[in-house]
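Here's the structure, in structure tokens; my notes come after.
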Amino acid sequence: LNLAVSCVVFFSSLQVLNEKKLQEVDSLWKEFETPEKANKIVKLKHFEKFQDTTEALAASTALVEGKLSKNLKKILKKIVAKDAHEQLAVADAKLGGVIKENLNLSCIHSPMVTELMRGIRSQIEGLITGLPSREMSAMCLGLAHSLSRYKLKFSPDKVDTMIIQAISLLDDLDKELNNYIMRCREWYGWHFPELGKIVTDNLAYCKCVRQVGDRSNFASSDVSDILPEEIEEDVKAAAEISMGTEVSEEDINNIIHLCDQVIEISAYRAQLYDYLKNRMMAIAPNLTVMVGELVGARLIAHAGSLLNLAKHPASTVQLLGAEKALFRALKTKRDTPKFGLIYHASLVGQSSTKNKGKISRMLAAKTALTIRYDALGEGTSGEMGAENRLKVEMRLRLLEERGIRRISGTGKALAKADKYQNKSEVKVFDPSGDSTLPVVSKKRKIQEVDEQDTEVPVKAKKFKADMK
């Protein structure tokens, strides 16, 4: 039984001397308590030193990825030439499969091999002489740092910290801009209140105030590069009959400085948004295609990193940002929220109110897949995100069409809207509805009159008799 061992400064091949002692895996560590005992179990067969740290790093990374490096292949060919019938013990089963495929050398991988490798590493200085322990420690540390950098695959384009900082700054800029613009409108509104109602765009409002200053200058100023012609005429007309108070030149100068700040911050915000969009397409292209750069960046910032976000299940992605509402609902035993930050995605906004929950759930499931692909995959294209977005759009269209299907019948046919035709009908007024008295037939009226005629003379006679 031969063993291929890779260390910081060399490749080596060791031969097992006593294979019977390898059968007891649990007590194998006892055979490597001292260098003397270890030398009775294994013996150095071949030794090859690395030329420099770069070569050692290349060999180590190849082993980590389960590939055959040139040096290892060279050593193994020598083993095949001498001892083709021997078995090769390997610590990595994947590497053993590659060796067997390329060199047709029988490889074994078992718990016994793992214990054997652990024992050899613990007594490597006693098995291979001429290696100062101090130098070994320094080289181990250097190679460990290099290998860690390789494993992380550090790249400036893959740093999601920039996204977290950029989206946080973008939100802060929006808050500051809103405060500044509100203050500017309120401040200049004392002098020219009508301008705020005519010019609704905040940036155009600040540019007008900065260019013109006092309202009396509007009549002689040309703001056609800022405002459309119709609005410009309305502003000039309103400036002549304005109800605002007069302000000093110093006040106007301070207002103009505030407008300068608003314009500069707005320009920087647009630049920051373009930077964020490009960075999101570089780091998480599929997530950007699915939910947009702003929602995707907020999800990454909320989770802490793209890798942390990839560890979340779809149900958590759906509710990210709505934690307070979720725990409040659980505490009060009410309905839990259906969406968090993902609510601001365009696909959820397109759906009707009753379908928002279904679409957000499906969108979260597809988004979780795209996040994992972006975080752990090798590809840099957004094809997967485009395919999943198309599936969600088809599902949304199906749900929206189902809402206008006929309720009666089979429910499979779409509802048909009949063409409206106006039918003009002339209705005549019915006067019988005006009277609230009960209607009596003519026959009954005649009978009542005859009875009254017969009764009247009798009453008269009685009255006359009483008088006598």
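Ordered as shown in the structure tokens, chains take letters A, B, and onward, while each chain numbers its residues from 1 and ligands are numbered from 1 in the order shown.
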Problem set entry | Polymer residues at most 7 Å from region 334-342 of chain A, only C-alpha atoms, same-chain spacing of 5 or more positions, as a VMD selection string | chain A and resid 295 318 to 322 325 to 326 329 357 360
Could you save the residues just selected, with all heavy atoms, as a PDB file, in the first residue's frame?
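The resulting selection.pdb:
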```pdb
ATOM      1  N   VAL A 295     -34.413  47.291  -5.299  1.00  0.00           N
ATOM      2  CA  VAL A 295     -34.959  46.264  -4.396  1.00  0.00           C
ATOM      3  C   VAL A 295     -33.899  45.210  -4.105  1.00  0.00           C
ATOM      4  O   VAL A 295     -33.746  44.766  -2.954  1.00  0.00           O
ATOM      5  CB  VAL A 295     -36.225  45.623  -5.008  1.00  0.00           C
ATOM      6  CG1 VAL A 295     -36.764  44.526  -4.099  1.00  0.00           C
ATOM      7  CG2 VAL A 295     -37.297  46.668  -5.240  1.00  0.00           C
ATOM      8  N   GLN A 318     -39.204  36.625   1.160  1.00  0.00           N
ATOM      9  CA  GLN A 318     -40.493  37.273   0.938  1.00  0.00           C
ATOM     10  C   GLN A 318     -40.828  38.283   2.037  1.00  0.00           C
ATOM     11  O   GLN A 318     -41.425  39.322   1.777  1.00  0.00           O
ATOM     12  CB  GLN A 318     -41.593  36.207   0.866  1.00  0.00           C
ATOM     13  CG  GLN A 318     -42.980  36.765   0.559  1.00  0.00           C
ATOM     14  CD  GLN A 318     -44.023  35.660   0.561  1.00  0.00           C
ATOM     15  OE1 GLN A 318     -43.693  34.480   0.579  1.00  0.00           O
ATOM     16  NE2 GLN A 318     -45.282  36.039   0.526  1.00  0.00           N
ATOM     17  N   LEU A 319     -40.421  37.993   3.284  1.00  0.00           N
ATOM     18  CA  LEU A 319     -40.800  38.834   4.425  1.00  0.00           C
ATOM     19  C   LEU A 319     -39.664  39.712   4.933  1.00  0.00           C
ATOM     20  O   LEU A 319     -39.836  40.357   5.978  1.00  0.00           O
ATOM     21  CB  LEU A 319     -41.314  37.950   5.568  1.00  0.00           C
ATOM     22  CG  LEU A 319     -42.607  37.185   5.293  1.00  0.00           C
ATOM     23  CD1 LEU A 319     -42.985  36.339   6.485  1.00  0.00           C
ATOM     24  CD2 LEU A 319     -43.745  38.128   4.961  1.00  0.00           C
ATOM     25  N   LEU A 320     -38.522  39.738   4.243  1.00  0.00           N
ATOM     26  CA  LEU A 320     -37.421  40.599   4.675  1.00  0.00           C
ATOM     27  C   LEU A 320     -37.866  42.060   4.661  1.00  0.00           C
ATOM     28  O   LEU A 320     -38.363  42.561   3.662  1.00  0.00           O
ATOM     29  CB  LEU A 320     -36.214  40.426   3.748  1.00  0.00           C
ATOM     30  CG  LEU A 320     -35.235  39.306   4.076  1.00  0.00           C
ATOM     31  CD1 LEU A 320     -34.118  39.282   3.061  1.00  0.00           C
ATOM     32  CD2 LEU A 320     -34.681  39.446   5.467  1.00  0.00           C
ATOM     33  N   GLY A 321     -37.687  42.736   5.786  1.00  0.00           N
ATOM     34  CA  GLY A 321     -38.115  44.125   5.903  1.00  0.00           C
ATOM     35  C   GLY A 321     -39.434  44.289   6.625  1.00  0.00           C
ATOM     36  O   GLY A 321     -39.836  45.407   6.949  1.00  0.00           O
ATOM     37  N   ALA A 322     -40.162  43.179   6.857  1.00  0.00           N
ATOM     38  CA  ALA A 322     -41.462  43.250   7.541  1.00  0.00           C
ATOM     39  C   ALA A 322     -41.421  42.437   8.836  1.00  0.00           C
ATOM     40  O   ALA A 322     -42.426  41.827   9.222  1.00  0.00           O
ATOM     41  CB  ALA A 322     -42.568  42.735   6.623  1.00  0.00           C
ATOM     42  N   ALA A 325     -43.870  43.750  11.662  1.00  0.00           N
ATOM     43  CA  ALA A 325     -45.266  43.403  11.377  1.00  0.00           C
ATOM     44  C   ALA A 325     -45.511  41.912  11.578  1.00  0.00           C
ATOM     45  O   ALA A 325     -46.581  41.513  12.062  1.00  0.00           O
ATOM     46  CB  ALA A 325     -45.613  43.806   9.944  1.00  0.00           C
ATOM     47  N   LEU A 326     -44.519  41.086  11.223  1.00  0.00           N
ATOM     48  CA  LEU A 326     -44.675  39.633  11.383  1.00  0.00           C
ATOM     49  C   LEU A 326     -44.803  39.254  12.848  1.00  0.00           C
ATOM     50  O   LEU A 326     -45.740  38.530  13.238  1.00  0.00           O
ATOM     51  CB  LEU A 326     -43.472  38.926  10.749  1.00  0.00           C
ATOM     52  CG  LEU A 326     -43.397  37.413  10.974  1.00  0.00           C
ATOM     53  CD1 LEU A 326     -44.554  36.716  10.291  1.00  0.00           C
ATOM     54  CD2 LEU A 326     -42.070  36.859  10.470  1.00  0.00           C
ATOM     55  N   ALA A 329     -48.034  40.438  14.377  1.00  0.00           N
ATOM     56  CA  ALA A 329     -49.160  39.584  13.979  1.00  0.00           C
ATOM     57  C   ALA A 329     -49.151  38.266  14.740  1.00  0.00           C
ATOM     58  O   ALA A 329     -50.200  37.756  15.136  1.00  0.00           O
ATOM     59  CB  ALA A 329     -49.110  39.339  12.477  1.00  0.00           C
ATOM     60  N   GLY A 357     -50.346  38.845  -2.947  1.00  0.00           N
ATOM     61  CA  GLY A 357     -49.772  37.826  -2.066  1.00  0.00           C
ATOM     62  C   GLY A 357     -49.237  36.636  -2.846  1.00  0.00           C
ATOM     63  O   GLY A 357     -48.123  36.156  -2.590  1.00  0.00           O
ATOM     64  N   SER A 360     -46.127  37.769  -4.926  1.00  0.00           N
ATOM     65  CA  SER A 360     -44.953  38.002  -4.077  1.00  0.00           C
ATOM     66  C   SER A 360     -44.356  36.671  -3.601  1.00  0.00           C
ATOM     67  O   SER A 360     -43.136  36.533  -3.496  1.00  0.00           O
ATOM     68  CB  SER A 360     -45.326  38.871  -2.878  1.00  0.00           C
ATOM     69  OG  SER A 360     -46.278  38.211  -2.055  1.00  0.00           O
TER      70      SER A 360
END
```
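Using only C-alpha atoms for every distance, the candidate list A:Leu28, A:Glu65, A:His145, A:Met162 yields A:Leu28 as the residue closest to Met117 (chain A).
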For this session: Measure the distance from CA of Ala375 (chain A) to CA of Ala297 (chain A) in Å and round it to one decimal.
Result: 13.6 Å
Please, which residues in region 250-340 of chain A fall within 8 Å of region 164-167 of chain A when counting only C-alpha atoms, and what is the closest atom pair and distance in Å to one decimal for each, ordered by chain then residue number, as CSV?
```
residue,atom,partner,partner_atom,distance
A:Leu272,CA,A:Ala166,CA,7.2
A:Leu276,CA,A:Ala166,CA,6.4
A:Leu294,CA,A:Ile167,CA,7.4
A:Ala297,CA,A:Ile167,CA,6.3
A:Arg298,CA,A:Ile167,CA,6.7
A:Ile300,CA,A:Ile164,CA,6.9
A:Ala301,CA,A:Ile164,CA,4.7
A:Gly304,CA,A:Ile164,CA,7.8
A:Ser305,CA,A:Ile164,CA,7.9
```
Selected residues, N, CA and C atoms, written as a compact mmCIF listing (two decimals), in the first residue's frame, please.
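Contents of result.txt, freshly written:
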```
# COMPACT_ATOMS: atom_id res chain seq x y z
N LEU A 272 -24.70 58.44 -8.44
CA LEU A 272 -24.64 57.31 -7.51
C LEU A 272 -25.59 56.19 -7.94
N LEU A 276 -24.59 52.38 -8.74
CA LEU A 276 -25.25 51.24 -8.08
C LEU A 276 -25.80 50.26 -9.11
N LEU A 294 -32.68 48.51 -7.22
CA LEU A 294 -32.93 49.13 -5.91
C LEU A 294 -33.43 48.09 -4.90
N ALA A 297 -30.62 45.62 -4.12
CA ALA A 297 -29.60 46.19 -3.23
C ALA A 297 -30.12 46.29 -1.80
N ARG A 298 -31.39 46.62 -1.63
CA ARG A 298 -31.97 46.71 -0.28
C ARG A 298 -32.04 45.33 0.38
N ILE A 300 -29.92 42.84 -0.20
CA ILE A 300 -28.55 42.50 0.18
C ILE A 300 -28.14 43.26 1.44
N ALA A 301 -28.48 44.56 1.49
CA ALA A 301 -28.12 45.39 2.65
C ALA A 301 -28.83 44.89 3.91
N GLY A 304 -27.11 41.69 5.04
CA GLY A 304 -25.72 41.88 5.46
C GLY A 304 -24.73 41.61 4.37
N SER A 305 -25.00 40.63 3.51
CA SER A 305 -24.14 40.32 2.36
C SER A 305 -24.93 39.42 1.41
```
Problem set entry | Per-residue DSSP, region 73-298 of chain A, filtered to strand (DSSP E or B), as a PyMOL selection string | chain A and resi 88-89+107-108
Selected residues written out, C-alpha atoms, as a CSV table (one decimal), in the first residue's frame:
```csv
chain,number,residue,atom,x,y,z
A,88,LEU,CA,-2.7,4.0,-3.7
A,89,ALA,CA,-4.4,5.4,-0.5
A,107,CYS,CA,-7.0,3.9,-5.4
A,108,ILE,CA,-8.7,3.3,-2.0
```
Problem set entry | Length of the CA of Glu194 (chain A) to CA of Ser220 (chain A) vector [Å] |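 Interatomic distance, CA of Glu194 (chain A) to CA of Ser220 (chain A): 17.9 Å.
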For this session: In Å, rounded to a single decimal, give me how far CA of Val159 (chain A) is from CA of Leu63 (chain A).
Result: 26.6 Å
Might you pull out every residue within 12 Å of Arg185 (chain A), with only C-alpha atoms counted and same-chain residues fewer than 2 positions away left off, and present them as a CSV table (one decimal) with N, CA and C atoms, in the first residue's frame?
```csv
chain,number,residue,atom,x,y,z
A,178,ASN,N,-35.3,65.7,0.2
A,178,ASN,CA,-36.7,66.1,0.5
A,178,ASN,C,-36.7,67.2,1.5
A,179,ASN,N,-35.9,67.1,2.5
A,179,ASN,CA,-35.8,68.2,3.6
A,179,ASN,C,-35.4,69.5,2.9
A,180,TYR,N,-34.3,69.5,2.1
A,180,TYR,CA,-33.8,70.7,1.5
A,180,TYR,C,-34.9,71.4,0.6
A,181,ILE,N,-35.5,70.5,-0.3
A,181,ILE,CA,-36.5,71.0,-1.2
A,181,ILE,C,-37.7,71.6,-0.5
A,182,MET,N,-38.2,70.9,0.6
A,182,MET,CA,-39.3,71.4,1.3
A,182,MET,C,-38.9,72.8,2.0
A,183,ARG,N,-37.7,72.9,2.5
A,183,ARG,CA,-37.3,74.2,3.1
A,183,ARG,C,-37.2,75.3,2.1
A,187,TRP,N,-39.4,78.6,2.1
A,187,TRP,CA,-38.7,79.9,2.2
A,187,TRP,C,-39.0,80.9,1.1
A,188,TYR,N,-38.9,80.4,-0.1
A,188,TYR,CA,-39.1,81.2,-1.3
A,188,TYR,C,-40.6,81.5,-1.5
A,189,GLY,N,-41.4,80.6,-0.9
A,189,GLY,CA,-42.9,80.8,-1.0
A,189,GLY,C,-43.4,82.0,-0.3
A,190,TRP,N,-42.7,82.6,0.7
A,190,TRP,CA,-43.1,83.8,1.3
A,190,TRP,C,-42.9,85.0,0.3
A,191,HIS,N,-42.0,84.9,-0.7
A,191,HIS,CA,-41.8,85.9,-1.6
A,191,HIS,C,-42.6,85.7,-2.9
A,192,PHE,N,-42.7,84.5,-3.4
A,192,PHE,CA,-43.4,84.2,-4.6
A,192,PHE,C,-44.2,82.9,-4.4
A,193,PRO,N,-45.4,82.9,-3.7
A,193,PRO,CA,-46.1,81.6,-3.4
A,193,PRO,C,-46.7,81.0,-4.6
A,194,GLU,N,-47.0,81.7,-5.6
A,194,GLU,CA,-47.7,81.1,-6.8
A,194,GLU,C,-46.8,80.2,-7.6
A,195,LEU,N,-45.4,80.4,-7.5
A,195,LEU,CA,-44.5,79.6,-8.3
A,195,LEU,C,-44.6,78.1,-7.9
A,196,GLY,N,-44.8,77.9,-6.6
A,196,GLY,CA,-44.9,76.5,-6.1
A,196,GLY,C,-46.0,75.7,-6.7
A,197,LYS,N,-47.1,76.4,-7.0
A,197,LYS,CA,-48.3,75.7,-7.6
A,197,LYS,C,-48.1,75.5,-9.1
A,199,VAL,N,-45.0,75.4,-10.9
A,199,VAL,CA,-43.9,74.5,-11.2
A,199,VAL,C,-43.9,73.4,-10.1
A,200,THR,N,-44.3,72.1,-10.5
A,200,THR,CA,-44.4,71.0,-9.6
A,200,THR,C,-43.1,70.2,-9.5
A,201,ASP,N,-42.2,70.3,-10.5
A,201,ASP,CA,-41.0,69.6,-10.5
A,201,ASP,C,-40.0,70.3,-9.6
A,202,ASN,N,-39.5,69.5,-8.6
A,202,ASN,CA,-38.6,70.1,-7.6
A,202,ASN,C,-37.3,70.7,-8.1
A,203,LEU,N,-36.7,69.9,-9.0
A,203,LEU,CA,-35.4,70.4,-9.6
A,203,LEU,C,-35.6,71.6,-10.5
A,204,ALA,N,-36.6,71.6,-11.3
A,204,ALA,CA,-36.9,72.8,-12.1
A,204,ALA,C,-37.2,74.0,-11.3
A,205,TYR,N,-37.9,73.8,-10.1
A,205,TYR,CA,-38.2,74.9,-9.2
A,205,TYR,C,-36.9,75.5,-8.7
A,206,CYS,N,-36.0,74.7,-8.3
A,206,CYS,CA,-34.7,75.2,-7.7
A,206,CYS,C,-33.9,75.9,-8.8
A,208,CYS,N,-35.1,77.5,-11.4
A,208,CYS,CA,-35.7,78.7,-11.7
A,208,CYS,C,-35.3,79.8,-10.7
A,209,VAL,N,-35.4,79.4,-9.4
A,209,VAL,CA,-35.1,80.3,-8.3
A,209,VAL,C,-33.6,80.7,-8.4
A,255,ILE,N,-31.2,81.9,-0.2
A,255,ILE,CA,-32.1,80.9,-0.9
A,255,ILE,C,-31.4,80.3,-2.1
A,256,ILE,N,-30.7,81.2,-2.8
A,256,ILE,CA,-30.0,80.7,-4.0
A,256,ILE,C,-28.9,79.7,-3.6
A,258,LEU,N,-29.0,77.7,-1.1
A,258,LEU,CA,-29.7,76.4,-0.8
A,258,LEU,C,-30.1,75.7,-2.1
A,259,CYS,N,-30.5,76.5,-3.1
A,259,CYS,CA,-30.9,75.9,-4.4
A,259,CYS,C,-29.6,75.2,-5.0
A,262,VAL,N,-29.2,71.8,-3.5
A,262,VAL,CA,-30.2,70.9,-4.0
A,262,VAL,C,-29.8,70.4,-5.4
```
